[in-house]
$ cat input-v4.cif   # mmCIF, C-alpha atoms
data_upload
loop_
_atom_site.label_atom_id
_atom_site.label_comp_id
_atom_site.auth_asym_id
_atom_site.auth_seq_id
_atom_site.Cartn_x
_atom_site.Cartn_y
_atom_site.Cartn_z
CA MET S 1 -100.08 39.44 66.84
CA ASN S 2 -98.53 35.98 66.73
CA ILE S 3 -97.34 34.71 63.35
CA PRO S 4 -95.08 31.67 63.72
CA PHE S 5 -92.21 31.13 61.34
CA LEU S 6 -93.84 27.81 60.36
CA ASP S 7 -97.12 26.35 61.60
CA LEU S 8 -96.65 22.59 62.03
CA LYS S 9 -100.03 21.99 63.67
CA ALA S 10 -102.24 23.31 60.86
CA PRO S 11 -101.38 20.66 58.23
CA HIS S 12 -102.09 17.92 60.74
CA GLU S 13 -105.44 19.50 61.58
CA GLU S 14 -106.25 19.60 57.87
CA LEU S 15 -105.42 15.90 57.51
CA ARG S 16 -106.51 14.68 60.93
CA THR S 17 -108.83 11.95 59.65
CA GLY S 18 -106.34 10.66 57.10
CA LEU S 19 -103.52 10.67 59.65
CA ARG S 20 -105.59 8.75 62.18
CA ASP S 21 -106.43 6.22 59.49
CA ALA S 22 -102.70 5.92 58.74
CA PHE S 23 -101.88 5.34 62.43
CA ASP S 24 -104.60 2.72 62.69
CA ARG S 25 -103.36 0.85 59.62
CA VAL S 26 -99.90 0.57 61.09
CA LEU S 27 -101.07 -0.35 64.58
CA ASP S 28 -103.51 -2.93 63.23
CA SER S 29 -100.89 -4.48 60.97
CA GLY S 30 -98.55 -5.36 63.83
CA TRP S 31 -95.66 -4.74 61.40
CA TYR S 32 -93.50 -1.68 62.06
CA ILE S 33 -90.30 -2.01 59.98
CA HIS S 34 -89.99 -2.79 56.25
CA GLY S 35 -93.68 -3.44 55.75
CA GLU S 36 -96.39 -2.55 53.29
CA GLU S 37 -96.55 1.17 54.14
CA VAL S 38 -92.88 1.69 53.26
CA LYS S 39 -93.22 -0.40 50.11
CA GLN S 40 -96.23 1.59 48.90
CA PHE S 41 -94.71 4.95 49.80
CA GLU S 42 -91.55 4.09 47.88
CA LEU S 43 -93.66 3.31 44.80
CA GLU S 44 -95.75 6.46 45.18
CA PHE S 45 -92.84 8.80 45.81
CA ALA S 46 -90.84 7.32 42.92
CA GLU S 47 -93.77 8.02 40.61
CA TYR S 48 -94.13 11.53 42.03
CA CYS S 49 -90.44 12.27 41.41
CA GLN S 50 -90.59 10.76 37.91
CA VAL S 51 -88.00 8.07 38.64
CA GLU S 52 -87.91 4.28 38.66
CA HIS S 53 -86.73 3.68 42.22
CA CYS S 54 -87.16 5.09 45.72
CA VAL S 55 -85.56 3.64 48.85
CA GLY S 56 -86.73 4.83 52.26
CA VAL S 57 -83.95 5.55 54.77
CA GLY S 58 -83.60 7.02 58.26
CA ASN S 59 -83.10 10.70 57.37
CA GLY S 60 -81.77 13.06 54.72
CA LEU S 61 -78.17 13.00 55.90
CA GLU S 62 -78.13 9.21 55.72
CA ALA S 63 -79.68 9.34 52.25
CA LEU S 64 -76.69 11.30 50.95
CA HIS S 65 -74.20 9.21 52.93
CA LEU S 66 -75.61 5.94 51.61
CA ILE S 67 -75.51 7.19 48.02
CA LEU S 68 -71.83 8.01 48.38
CA ARG S 69 -71.05 4.66 50.02
CA ALA S 70 -73.05 2.79 47.40
CA TYR S 71 -70.91 4.42 44.71
CA GLY S 72 -67.77 3.34 46.54
CA ILE S 73 -66.73 6.88 47.34
CA GLY S 74 -64.53 7.08 50.43
CA ASP S 75 -61.00 7.58 51.70
CA GLY S 76 -58.80 9.62 49.39
CA ASP S 77 -61.72 10.83 47.29
CA GLU S 78 -63.07 14.36 46.95
CA VAL S 79 -66.67 15.47 46.59
CA ILE S 80 -67.59 18.97 45.46
CA VAL S 81 -70.14 20.64 47.73
CA PRO S 82 -71.62 24.14 47.93
CA SER S 83 -69.91 26.56 50.27
CA ASN S 84 -73.41 27.90 50.97
CA THR S 85 -75.49 25.07 52.43
CA TYR S 86 -76.53 23.38 55.63
CA ILE S 87 -73.69 21.40 57.18
CA ALA S 88 -75.47 18.06 56.60
CA THR S 89 -74.35 18.15 52.95
CA TRP S 90 -70.72 18.26 54.07
CA LEU S 91 -71.25 15.72 56.86
CA ALA S 92 -72.45 13.10 54.39
CA VAL S 93 -69.12 13.40 52.57
CA SER S 94 -67.17 13.18 55.81
CA TYR S 95 -69.13 10.12 56.98
CA ALA S 96 -68.15 8.38 53.75
CA GLY S 97 -64.49 9.15 54.49
CA ALA S 98 -64.09 11.55 51.58
CA THR S 99 -63.12 15.24 51.63
CA PRO S 100 -65.66 18.00 50.93
CA VAL S 101 -64.39 20.55 48.42
CA PRO S 102 -66.42 23.79 48.62
CA VAL S 103 -67.48 25.80 45.59
CA GLU S 104 -69.08 29.23 45.87
CA PRO S 105 -72.71 29.90 44.87
CA ASP S 106 -74.24 32.06 42.21
CA GLU S 107 -75.04 35.06 44.39
CA ARG S 108 -78.42 35.57 42.71
CA THR S 109 -79.81 32.06 43.34
CA TYR S 110 -77.62 31.00 46.31
CA ASN S 111 -77.08 27.62 44.59
CA ILE S 112 -73.71 26.24 43.51
CA ASP S 113 -72.29 28.15 40.55
CA PRO S 114 -71.61 25.86 37.56
CA LEU S 115 -69.07 28.37 36.22
CA ARG S 116 -66.84 27.69 39.22
CA LEU S 117 -66.98 23.89 39.11
CA GLU S 118 -64.26 23.02 36.61
CA SER S 119 -61.53 24.76 38.58
CA ALA S 120 -62.39 22.67 41.65
CA ILE S 121 -62.18 19.30 39.88
CA THR S 122 -59.07 17.19 40.48
CA PRO S 123 -58.16 13.57 39.71
CA GLN S 124 -59.58 12.72 43.15
CA THR S 125 -63.02 14.24 42.43
CA LYS S 126 -65.67 11.54 42.34
CA ALA S 127 -68.95 13.44 42.69
CA ILE S 128 -70.71 16.79 42.84
CA ILE S 129 -73.51 17.31 45.35
CA ALA S 130 -75.89 19.96 44.04
CA VAL S 131 -78.15 21.37 46.74
CA HIS S 132 -81.54 22.77 45.73
CA LEU S 133 -81.31 25.36 48.46
CA TYR S 134 -84.46 26.93 49.94
CA GLY S 135 -86.59 24.91 47.49
CA GLN S 136 -85.12 26.34 44.26
CA PRO S 137 -83.45 23.90 41.85
CA ALA S 138 -79.80 24.29 40.98
CA ASP S 139 -78.81 24.65 37.31
CA MET S 140 -78.66 20.92 36.70
CA ASP S 141 -78.07 20.82 32.94
CA ALA S 142 -74.90 22.88 33.32
CA ILE S 143 -73.77 20.79 36.30
CA ASN S 144 -74.48 17.48 34.52
CA ALA S 145 -72.59 18.59 31.42
CA ILE S 146 -69.47 19.30 33.47
CA ALA S 147 -69.84 16.02 35.37
CA ARG S 148 -70.19 13.94 32.19
CA LYS S 149 -67.14 15.64 30.70
CA ASN S 150 -65.12 14.65 33.78
CA ASP S 151 -66.75 11.24 34.41
CA ILE S 152 -68.02 12.07 37.88
CA LYS S 153 -71.37 11.47 39.57
CA VAL S 154 -74.03 14.09 40.26
CA ILE S 155 -76.01 13.77 43.47
CA GLU S 156 -78.95 16.02 44.28
CA ASP S 157 -79.44 17.19 47.85
CA ALA S 158 -83.19 17.63 47.48
CA ALA S 159 -83.96 17.93 51.19
CA GLN S 160 -85.63 21.33 50.71
CA ALA S 161 -87.18 20.92 47.28
CA HIS S 162 -89.93 18.28 47.28
CA GLY S 163 -91.97 18.88 44.13
CA ALA S 164 -89.83 21.59 42.55
CA TYR S 165 -89.35 21.61 38.77
CA TYR S 166 -86.31 22.32 36.65
CA LYS S 167 -87.11 22.87 32.97
CA GLY S 168 -90.27 20.79 33.38
CA ARG S 169 -88.57 17.92 35.21
CA ARG S 170 -89.01 17.05 38.85
CA VAL S 171 -86.23 17.54 41.36
CA GLY S 172 -85.07 14.08 42.39
CA SER S 173 -84.79 12.94 38.78
CA LEU S 174 -82.10 15.33 37.59
CA GLY S 175 -78.85 13.60 38.58
CA ASP S 176 -77.54 10.09 39.13
CA ALA S 177 -79.34 9.93 42.49
CA ALA S 178 -81.03 12.25 44.97
CA GLY S 179 -81.33 12.38 48.74
CA PHE S 180 -84.52 13.67 50.39
CA SER S 181 -85.27 14.55 54.00
CA PHE S 182 -88.72 14.23 55.55
CA TYR S 183 -87.86 16.20 58.68
CA PRO S 184 -91.15 17.61 60.04
CA GLY S 185 -90.53 21.15 58.75
CA LYS S 186 -89.97 20.09 55.13
CA ASN S 187 -92.55 20.62 52.37
CA LEU S 188 -93.28 16.91 52.72
CA GLY S 189 -92.60 16.22 56.38
CA ALA S 190 -93.05 13.24 58.65
CA ILE S 191 -93.76 13.41 62.39
CA GLY S 192 -90.16 12.51 63.12
CA ASP S 193 -87.04 11.84 61.09
CA GLY S 194 -87.18 10.13 57.73
CA GLY S 195 -85.52 10.21 54.35
CA ALA S 196 -85.34 8.63 50.92
CA VAL S 197 -83.11 8.09 47.92
CA THR S 198 -84.51 8.41 44.39
CA THR S 199 -82.73 7.15 41.28
CA ASN S 200 -83.17 5.48 37.91
CA ASP S 201 -80.21 3.19 38.67
CA ALA S 202 -81.61 -0.18 39.76
CA ALA S 203 -78.22 -1.50 40.89
CA LEU S 204 -77.61 1.59 43.03
CA ALA S 205 -81.06 1.29 44.64
CA GLN S 206 -80.35 -2.33 45.52
CA ARG S 207 -76.97 -1.48 47.06
CA ILE S 208 -78.59 1.24 49.18
CA ARG S 209 -81.27 -1.21 50.40
CA VAL S 210 -78.52 -3.58 51.49
CA LEU S 211 -76.34 -0.90 53.09
CA GLY S 212 -79.25 0.62 55.00
CA ASN S 213 -80.36 -2.72 56.44
CA TYR S 214 -77.20 -3.87 58.24
CA GLY S 215 -75.68 -4.94 54.91
CA SER S 216 -78.42 -7.53 54.47
CA LEU S 217 -80.96 -8.20 51.74
CA VAL S 218 -81.95 -11.61 53.11
CA LYS S 219 -82.47 -11.63 56.87
CA TYR S 220 -79.39 -12.73 58.84
CA HIS S 221 -77.32 -12.95 55.64
CA ASN S 222 -74.98 -9.95 55.73
CA GLU S 223 -73.24 -9.25 52.46
CA VAL S 224 -71.32 -6.13 53.57
CA LYS S 225 -70.76 -4.05 56.71
CA GLY S 226 -73.89 -1.95 56.60
CA TYR S 227 -75.86 0.52 58.69
CA ASN S 228 -79.23 0.79 60.33
CA SER S 229 -81.01 3.42 58.24
CA ARG S 230 -84.63 2.59 57.56
CA LEU S 231 -87.81 4.57 57.06
CA ASP S 232 -90.25 3.10 59.56
CA GLU S 233 -93.85 2.10 58.83
CA LEU S 234 -95.47 4.86 60.85
CA GLN S 235 -93.52 7.64 59.13
CA ALA S 236 -94.20 6.08 55.74
CA ALA S 237 -97.93 5.95 56.50
CA VAL S 238 -97.92 9.63 57.51
CA LEU S 239 -96.03 10.56 54.35
CA ARG S 240 -98.52 8.61 52.23
CA ALA S 241 -101.35 10.62 53.80
CA LYS S 242 -99.56 13.90 53.03
CA LEU S 243 -98.16 13.19 49.56
CA PRO S 244 -101.51 13.73 47.73
CA LYS S 245 -101.64 17.23 49.29
CA LEU S 246 -98.08 18.21 48.42
CA ASN S 247 -98.82 19.92 45.11
CA GLU S 248 -101.64 21.94 46.65
CA TRP S 249 -99.51 22.91 49.64
CA ASN S 250 -96.65 23.90 47.35
CA ALA S 251 -99.06 26.04 45.31
CA ARG S 252 -100.07 27.85 48.50
CA ARG S 253 -96.40 28.51 49.25
CA GLN S 254 -95.95 29.83 45.72
CA ALA S 255 -98.86 32.23 46.19
CA ILE S 256 -97.29 33.61 49.38
CA ALA S 257 -93.93 33.93 47.62
CA ALA S 258 -95.56 35.88 44.78
CA GLN S 259 -97.14 38.21 47.33
CA TYR S 260 -93.78 38.77 49.01
CA LEU S 261 -91.98 39.33 45.69
CA ASN S 262 -94.60 41.82 44.52
CA GLN S 263 -94.96 43.81 47.73
CA LEU S 264 -91.73 43.70 49.73
CA ASP S 265 -89.46 46.68 49.16
CA ALA S 266 -86.84 45.55 46.67
CA ASN S 267 -84.86 48.73 47.31
CA ALA S 268 -84.45 47.91 50.98
CA LEU S 269 -84.12 44.12 50.76
CA VAL S 270 -82.44 41.74 48.36
CA LEU S 271 -85.31 39.53 47.21
CA PRO S 272 -84.97 36.00 45.79
CA HIS S 273 -84.12 35.70 42.10
CA VAL S 274 -85.93 32.96 40.17
CA PRO S 275 -84.46 31.96 36.79
CA ASP S 276 -86.89 31.36 33.92
CA TRP S 277 -86.20 27.62 34.00
CA ALA S 278 -86.97 27.19 37.71
CA ASN S 279 -90.26 26.46 39.42
CA PRO S 280 -89.33 26.59 43.12
CA VAL S 281 -91.48 25.29 45.97
CA TRP S 282 -90.37 27.90 48.52
CA HIS S 283 -89.35 25.71 51.41
CA LEU S 284 -87.90 28.99 52.66
CA PHE S 285 -88.40 32.58 51.55
CA VAL S 286 -85.04 34.20 52.18
CA VAL S 287 -84.26 37.90 51.95
CA ARG S 288 -80.97 39.68 52.52
CA SER S 289 -80.41 42.84 54.52
CA GLN S 290 -77.28 44.55 55.76
CA ARG S 291 -79.35 45.26 58.86
CA ARG S 292 -80.50 41.67 59.22
CA ASP S 293 -80.36 41.59 63.01
CA ALA S 294 -82.38 44.82 63.33
CA LEU S 295 -84.95 43.44 60.91
CA GLN S 296 -85.27 40.20 62.84
CA LYS S 297 -85.65 42.11 66.10
CA GLN S 298 -88.35 44.32 64.60
CA LEU S 299 -90.26 41.28 63.38
CA GLY S 300 -89.93 39.61 66.76
CA ASN S 301 -91.23 42.72 68.52
CA ALA S 302 -94.26 42.55 66.24
CA GLY S 303 -94.87 38.89 67.15
CA ILE S 304 -93.59 37.57 63.85
CA GLY S 305 -91.26 34.57 63.76
CA SER S 306 -88.20 34.43 61.52
CA MET S 307 -85.04 32.33 61.28
CA ILE S 308 -81.51 32.58 59.91
CA HIS S 309 -80.62 29.87 57.38
CA TYR S 310 -77.72 29.74 58.19
CA PRO S 311 -75.69 31.94 60.55
CA ILE S 312 -72.29 30.24 60.03
CA PRO S 313 -71.13 28.65 56.76
CA PRO S 314 -69.77 25.09 57.03
CA HIS S 315 -66.14 26.05 56.32
CA LEU S 316 -66.09 28.30 59.41
CA GLN S 317 -67.71 25.77 61.74
CA LEU S 318 -65.48 24.30 64.45
CA ALA S 319 -66.41 20.86 63.13
CA TYR S 320 -64.39 21.58 59.97
CA GLY S 321 -61.50 23.38 61.58
CA GLU S 322 -59.10 20.71 60.34
CA LEU S 323 -59.64 21.86 56.76
CA GLY S 324 -57.90 25.11 57.68
CA TYR S 325 -60.27 27.59 56.05
CA ALA S 326 -60.03 31.09 57.52
CA ALA S 327 -62.56 33.89 57.34
CA GLY S 328 -62.52 35.26 53.82
CA ALA S 329 -61.86 31.90 52.16
CA PHE S 330 -65.32 31.87 50.60
CA PRO S 331 -66.47 35.48 50.67
CA ILE S 332 -69.73 35.03 48.76
CA ALA S 333 -71.01 32.39 51.17
CA GLU S 334 -69.81 34.42 54.14
CA ALA S 335 -71.62 37.55 52.95
CA ILE S 336 -74.80 35.55 52.38
CA HIS S 337 -74.67 34.05 55.86
CA ARG S 338 -74.19 37.49 57.43
CA GLU S 339 -77.25 38.95 55.72
CA VAL S 340 -79.93 36.29 55.16
CA LEU S 341 -83.23 36.13 57.01
CA SER S 342 -86.02 33.65 56.38
CA LEU S 343 -89.50 35.16 56.59
CA PRO S 344 -92.59 33.17 57.63
CA MET S 345 -93.53 30.67 54.93
CA GLY S 346 -95.84 27.70 54.77
CA PRO S 347 -99.04 26.41 53.20
CA HIS S 348 -101.14 27.69 56.09
CA LEU S 349 -99.68 31.19 56.48
CA GLY S 350 -102.39 32.89 54.43
CA ALA S 351 -102.44 36.15 52.48
CA ALA S 352 -103.57 38.27 55.44
CA ASN S 353 -100.68 37.18 57.63
CA ALA S 354 -98.28 37.63 54.73
CA MET S 355 -99.46 41.24 54.47
CA LEU S 356 -98.67 41.75 58.16
CA VAL S 357 -95.16 40.40 57.56
CA ILE S 358 -94.70 42.76 54.63
CA ALA S 359 -95.88 45.71 56.72
CA ALA S 360 -93.54 44.81 59.58
CA CYS S 361 -90.58 44.60 57.17
CA ALA S 362 -91.42 48.03 55.77
CA LYS S 363 -91.64 49.48 59.26
CA ASP S 364 -88.19 48.17 60.13
CA ILE S 365 -86.60 49.51 56.99
CA THR S 366 -87.95 53.02 57.55
CA THR S 367 -87.56 53.36 61.32
CA SER S 368 -84.70 51.18 62.61
CA PRO S 369 -81.27 52.69 63.08
#

$ encode --input "input-v4.cif" --output "structure tokens"
Amino acid sequence: MNIPFLDLKAPHEELRTGLRDAFDRVLDSGWYIHGEEVKQFELEFAEYCQVEHCVGVGNGLEALHLILRAYGIGDGDEVIVPSNTYIATWLAVSYAGATPVPVEPDERTYNIDPLRLESAITPQTKAIIAVHLYGQPADMDAINAIARKNDIKVIEDAAQAHGAYYKGRRVGSLGDAAGFSFYPGKNLGAIGDGGAVTTNDAALAQRIRVLGNYGSLVKYHNEVKGYNSRLDELQAAVLRAKLPKLNEWNARRQAIAAQYLNQLDANALVLPHVPDWANPVWHLFVVRSQRRDALQKQLGNAGIGSMIHYPIPPHLQLAYGELGYAAGAFPIAEAIHREVLSLPMGPHLGAANAMLVIAACAKDITTSP
């Protein structure tokens, strides 16, 4: 048996003709940066996310960083971030010169807990970054209400949630701005790095275009000290070929998730909780087990891939040692990181392979020490 954690070849086989056409368009155009493919993808992805503006950038981390810089957030400012997230969310804050202020998650959804936000807000707080972790939207109405009350911005980290819905609205349209990643393993993935910002704020979109292009809107006229963060033509062409398939691919993920939720042993594993208002896209299907390492070993012995998202929370990473957080500072996040395991998930996994994963999990639970 060989079931990979994520099959990255299968989607490209499914779209081989369309991808080759995309490559040929770019090669034949002779234009590789800021051309027609990026322009069209920005229009198409903005429409998909139900927003007015999309700006292609170099990757998801830079999307968040540029949003913060475009809002003027920097030295002396604080930005609330989840304690339970990938470190890129925190790094974007650090790159802007601000300080990340962690807030614990709702242990059922793993997303930032709105009930804990108010106590973390200070006069220096300028924004909240809400991560839609694993492809499940955070509780945005509650987060937005707190932000409006305190006159602070809400930024979505939508890197794992392309196409997810919150109360009938698309992720990417739920805050002041959103950052997306198109890393190859994402629900909508390029064949290299790529990212985008979505927003209904025209002025913000324009500032991000300038910042991401060396601080220049008109060539060789540099308005501010900017960066080089641009979605290239080839990646945009690939994303345009994949975008029409995204809803179908997400539906396949949802079918696998339903199979897992219905047939995995909820007495042996902590299964994902989906609130009534959420329609997740299952970038990851994450279970919790106090015998996580034994479970992962059992799956590996059966030829089944799995991953840990994530083994060490950001506040305990050496990179953030200067913040002075010790073990126990954020116990909910720490417990989650000790126990989580991501099972195989993807639009090409198939029901039969999902059944083999379920069987292997049951075997581990009943036989491992």

$ closest_atom_pairs --input "input-v4.cif" --of "range 134-186 of chain S" --to "range 266-277 of chain S" --cutoff "12 Å" --atoms "all atoms listed in the file" --output "tab-separated table"
residue	atom	partner	partner_atom	distance
S:Tyr134	CA	S:Pro272	CA	10.0
S:Gly135	CA	S:Val274	CA	10.9
S:Gln136	CA	S:Val274	CA	7.8
S:Pro137	CA	S:Trp277	CA	9.1
S:Ala138	CA	S:Pro275	CA	9.9
S:Asp139	CA	S:Trp277	CA	8.6
S:Met140	CA	S:Trp277	CA	10.4
S:Asp141	CA	S:Trp277	CA	10.7
S:Ala164	CA	S:Trp277	CA	11.1
S:Tyr165	CA	S:Trp277	CA	8.3
S:Tyr166	CA	S:Trp277	CA	5.9
S:Lys167	CA	S:Trp277	CA	4.9
S:Gly168	CA	S:Trp277	CA	8.0
S:Arg169	CA	S:Trp277	CA	10.1
S:Arg170	CA	S:Trp277	CA	12.0

$ closest_atom_pairs --input "input-v4.cif" --of "range 134-195 of chain S" --to "range 72-83 of chain S" --cutoff "12 Å" --atoms "all atoms listed in the file" --output "Markdown table"
| residue | atom | partner | partner_atom | distance |
| --- | --- | --- | --- | --- |
| S:Ala138 | CA | S:Pro82 | CA | 10.7 |
| S:Ile143 | CA | S:Ile80 | CA | 11.2 |
| S:Ala147 | CA | S:Ile80 | CA | 10.8 |
| S:Ile152 | CA | S:Val79 | CA | 9.4 |
| S:Lys153 | CA | S:Val79 | CA | 9.3 |
| S:Val154 | CA | S:Ile80 | CA | 9.6 |
| S:Ile155 | CA | S:Val81 | CA | 10.0 |
| S:Glu156 | CA | S:Val81 | CA | 10.5 |
| S:Asp157 | CA | S:Val81 | CA | 9.9 |

$ atom_distance --input "input-v4.cif" --atom1 "CA of Val340 in chain S" --atom2 "CA of Met307 in chain S"
8.9 Å

$ residues_around --input "input-v4.cif" --residues "range 14-16 of chain S" --least-positions-apart "6" --cutoff "12 Å" --atoms "only C-alpha atoms" --output "JSON, numbers by chain"
{"S": [7, 8, 22, 23, 238, 239, 240, 241, 242, 243, 244, 245, 246, 249, 347, 348]}

$ write_last_selection --input "input-v4.cif" --atoms "C-alpha atoms" --output "short mmCIF file (atom, residue, chain, number, x, y, z; two decimals), keeping the file's coordinate frame"
data_model
loop_
_atom_site.label_atom_id
_atom_site.label_comp_id
_atom_site.auth_asym_id
_atom_site.auth_seq_id
_atom_site.Cartn_x
_atom_site.Cartn_y
_atom_site.Cartn_z
CA ASP S 7 -97.12 26.35 61.60
CA LEU S 8 -96.65 22.59 62.03
CA ALA S 22 -102.70 5.92 58.74
CA PHE S 23 -101.88 5.34 62.43
CA VAL S 238 -97.92 9.63 57.51
CA LEU S 239 -96.03 10.56 54.35
CA ARG S 240 -98.52 8.61 52.23
CA ALA S 241 -101.35 10.62 53.80
CA LYS S 242 -99.56 13.90 53.03
CA LEU S 243 -98.16 13.19 49.56
CA PRO S 244 -101.51 13.73 47.73
CA LYS S 245 -101.64 17.23 49.29
CA LEU S 246 -98.08 18.21 48.42
CA TRP S 249 -99.51 22.91 49.64
CA PRO S 347 -99.04 26.41 53.20
CA HIS S 348 -101.14 27.69 56.09
#

$ residues_around --input "input-v4.cif" --residues "Ala360 in chain S" --least-positions-apart "5" --cutoff "12 Å" --atoms "only C-alpha atoms" --output "CSV table (one decimal) with C-alpha atoms, in the frame of the given file"
chain,number,residue,atom,x,y,z
S,1,MET,CA,-100.1,39.4,66.8
S,3,ILE,CA,-97.3,34.7,63.4
S,263,GLN,CA,-95.0,43.8,47.7
S,264,LEU,CA,-91.7,43.7,49.7
S,265,ASP,CA,-89.5,46.7,49.2
S,294,ALA,CA,-82.4,44.8,63.3
S,295,LEU,CA,-85.0,43.4,60.9
S,296,GLN,CA,-85.3,40.2,62.8
S,297,LYS,CA,-85.6,42.1,66.1
S,298,GLN,CA,-88.4,44.3,64.6
S,299,LEU,CA,-90.3,41.3,63.4
S,300,GLY,CA,-89.9,39.6,66.8
S,301,ASN,CA,-91.2,42.7,68.5
S,302,ALA,CA,-94.3,42.6,66.2
S,303,GLY,CA,-94.9,38.9,67.2
S,304,ILE,CA,-93.6,37.6,63.8
S,305,GLY,CA,-91.3,34.6,63.8
S,306,SER,CA,-88.2,34.4,61.5
S,343,LEU,CA,-89.5,35.2,56.6
S,344,PRO,CA,-92.6,33.2,57.6
S,353,ASN,CA,-100.7,37.2,57.6
S,354,ALA,CA,-98.3,37.6,54.7
S,355,MET,CA,-99.5,41.2,54.5
S,365,ILE,CA,-86.6,49.5,57.0
S,366,THR,CA,-88.0,53.0,57.6
S,367,THR,CA,-87.6,53.4,61.3
S,368,SER,CA,-84.7,51.2,62.6

$ resolve_selection --input "input-v4.cif" --expression "the PyMOL selection byres ((chain S and resi 207) around 10)" --output "PyMOL selection string"
chain S and resi 66-67+69-71+202-206+208-212+215-217+224

$ write_last_selection --input "input-v4.cif" --atoms "C-alpha atoms" --output "CSV table (one decimal), in the frame of the given file"
chain,number,residue,atom,x,y,z
S,66,LEU,CA,-75.6,5.9,51.6
S,67,ILE,CA,-75.5,7.2,48.0
S,69,ARG,CA,-71.0,4.7,50.0
S,70,ALA,CA,-73.0,2.8,47.4
S,71,TYR,CA,-70.9,4.4,44.7
S,202,ALA,CA,-81.6,-0.2,39.8
S,203,ALA,CA,-78.2,-1.5,40.9
S,204,LEU,CA,-77.6,1.6,43.0
S,205,ALA,CA,-81.1,1.3,44.6
S,206,GLN,CA,-80.4,-2.3,45.5
S,208,ILE,CA,-78.6,1.2,49.2
S,209,ARG,CA,-81.3,-1.2,50.4
S,210,VAL,CA,-78.5,-3.6,51.5
S,211,LEU,CA,-76.3,-0.9,53.1
S,212,GLY,CA,-79.2,0.6,55.0
S,215,GLY,CA,-75.7,-4.9,54.9
S,216,SER,CA,-78.4,-7.5,54.5
S,217,LEU,CA,-81.0,-8.2,51.7
S,224,VAL,CA,-71.3,-6.1,53.6

$ atom_distance --input "input-v4.cif" --atom1 "CA of Ala120 in chain S" --atom2 "CA of Pro314 in chain S"
17.2 Å

$ atom_distance --input "input-v4.cif" --atom1 "CA of Pro313 in chain S" --atom2 "CA of Ile336 in chain S"
9.0 Å

$ residues_around --input "input-v4.cif" --residues "range 315-332 of chain S" --least-positions-apart "3" --cutoff "9 Å" --atoms "only C-alpha atoms" --output "PDB file with C-alpha atoms, keeping the file's coordinate frame"
ATOM      1  CA  SER S  83     -69.910  26.560  50.270  1.00  0.00           C
ATOM      2  CA  ASN S  84     -73.410  27.900  50.970  1.00  0.00           C
ATOM      3  CA  ILE S  87     -73.690  21.400  57.180  1.00  0.00           C
ATOM      4  CA  PRO S 102     -66.420  23.790  48.620  1.00  0.00           C
ATOM      5  CA  VAL S 103     -67.480  25.800  45.590  1.00  0.00           C
ATOM      6  CA  GLU S 104     -69.080  29.230  45.870  1.00  0.00           C
ATOM      7  CA  PRO S 105     -72.710  29.900  44.870  1.00  0.00           C
ATOM      8  CA  ASP S 106     -74.240  32.060  42.210  1.00  0.00           C
ATOM      9  CA  GLU S 107     -75.040  35.060  44.390  1.00  0.00           C
ATOM     10  CA  ILE S 312     -72.290  30.240  60.030  1.00  0.00           C
ATOM     11  CA  ALA S 335     -71.620  37.550  52.950  1.00  0.00           C
ATOM     12  CA  ILE S 336     -74.800  35.550  52.380  1.00  0.00           C
ATOM     13  CA  HIS S 337     -74.670  34.050  55.860  1.00  0.00           C
TER      14      HIS S 337
END

$ closest_residue --input "input-v4.cif" --among "S:Ala278, S:Ala351, S:Ile308, S:Val357" --to "Arg338 in chain S" --atoms "only C-alpha atoms"
S:Ile308

$ decode --input "input-v4.cif" --residues "range 41-47 of chain S" --atoms "N, CA, C and O atoms" --output "compact mmCIF listing (two decimals), in the first residue's frame"
# COMPACT_ATOMS: atom_id res chain seq x y z
N PHE S 41 -6.05 36.96 -13.96
CA PHE S 41 -6.23 36.16 -12.75
C PHE S 41 -6.73 37.03 -11.60
O PHE S 41 -7.60 36.61 -10.83
N GLU S 42 -6.18 38.23 -11.47
CA GLU S 42 -6.64 39.11 -10.40
C GLU S 42 -8.14 39.39 -10.53
O GLU S 42 -8.86 39.39 -9.53
N LEU S 43 -8.61 39.62 -11.74
CA LEU S 43 -10.04 39.86 -11.95
C LEU S 43 -10.85 38.62 -11.61
O LEU S 43 -11.89 38.70 -10.94
N GLU S 44 -10.38 37.46 -12.05
CA GLU S 44 -11.12 36.21 -11.85
C GLU S 44 -11.15 35.80 -10.38
O GLU S 44 -12.18 35.35 -9.87
N PHE S 45 -10.02 35.97 -9.69
CA PHE S 45 -9.98 35.57 -8.29
C PHE S 45 -10.75 36.55 -7.41
O PHE S 45 -11.38 36.14 -6.42
N ALA S 46 -10.73 37.83 -7.77
CA ALA S 46 -11.55 38.80 -7.04
C ALA S 46 -13.02 38.43 -7.14
O ALA S 46 -13.77 38.44 -6.15
N GLU S 47 -13.47 38.10 -8.35
CA GLU S 47 -14.87 37.69 -8.53
C GLU S 47 -15.17 36.43 -7.74
O GLU S 47 -16.23 36.33 -7.09
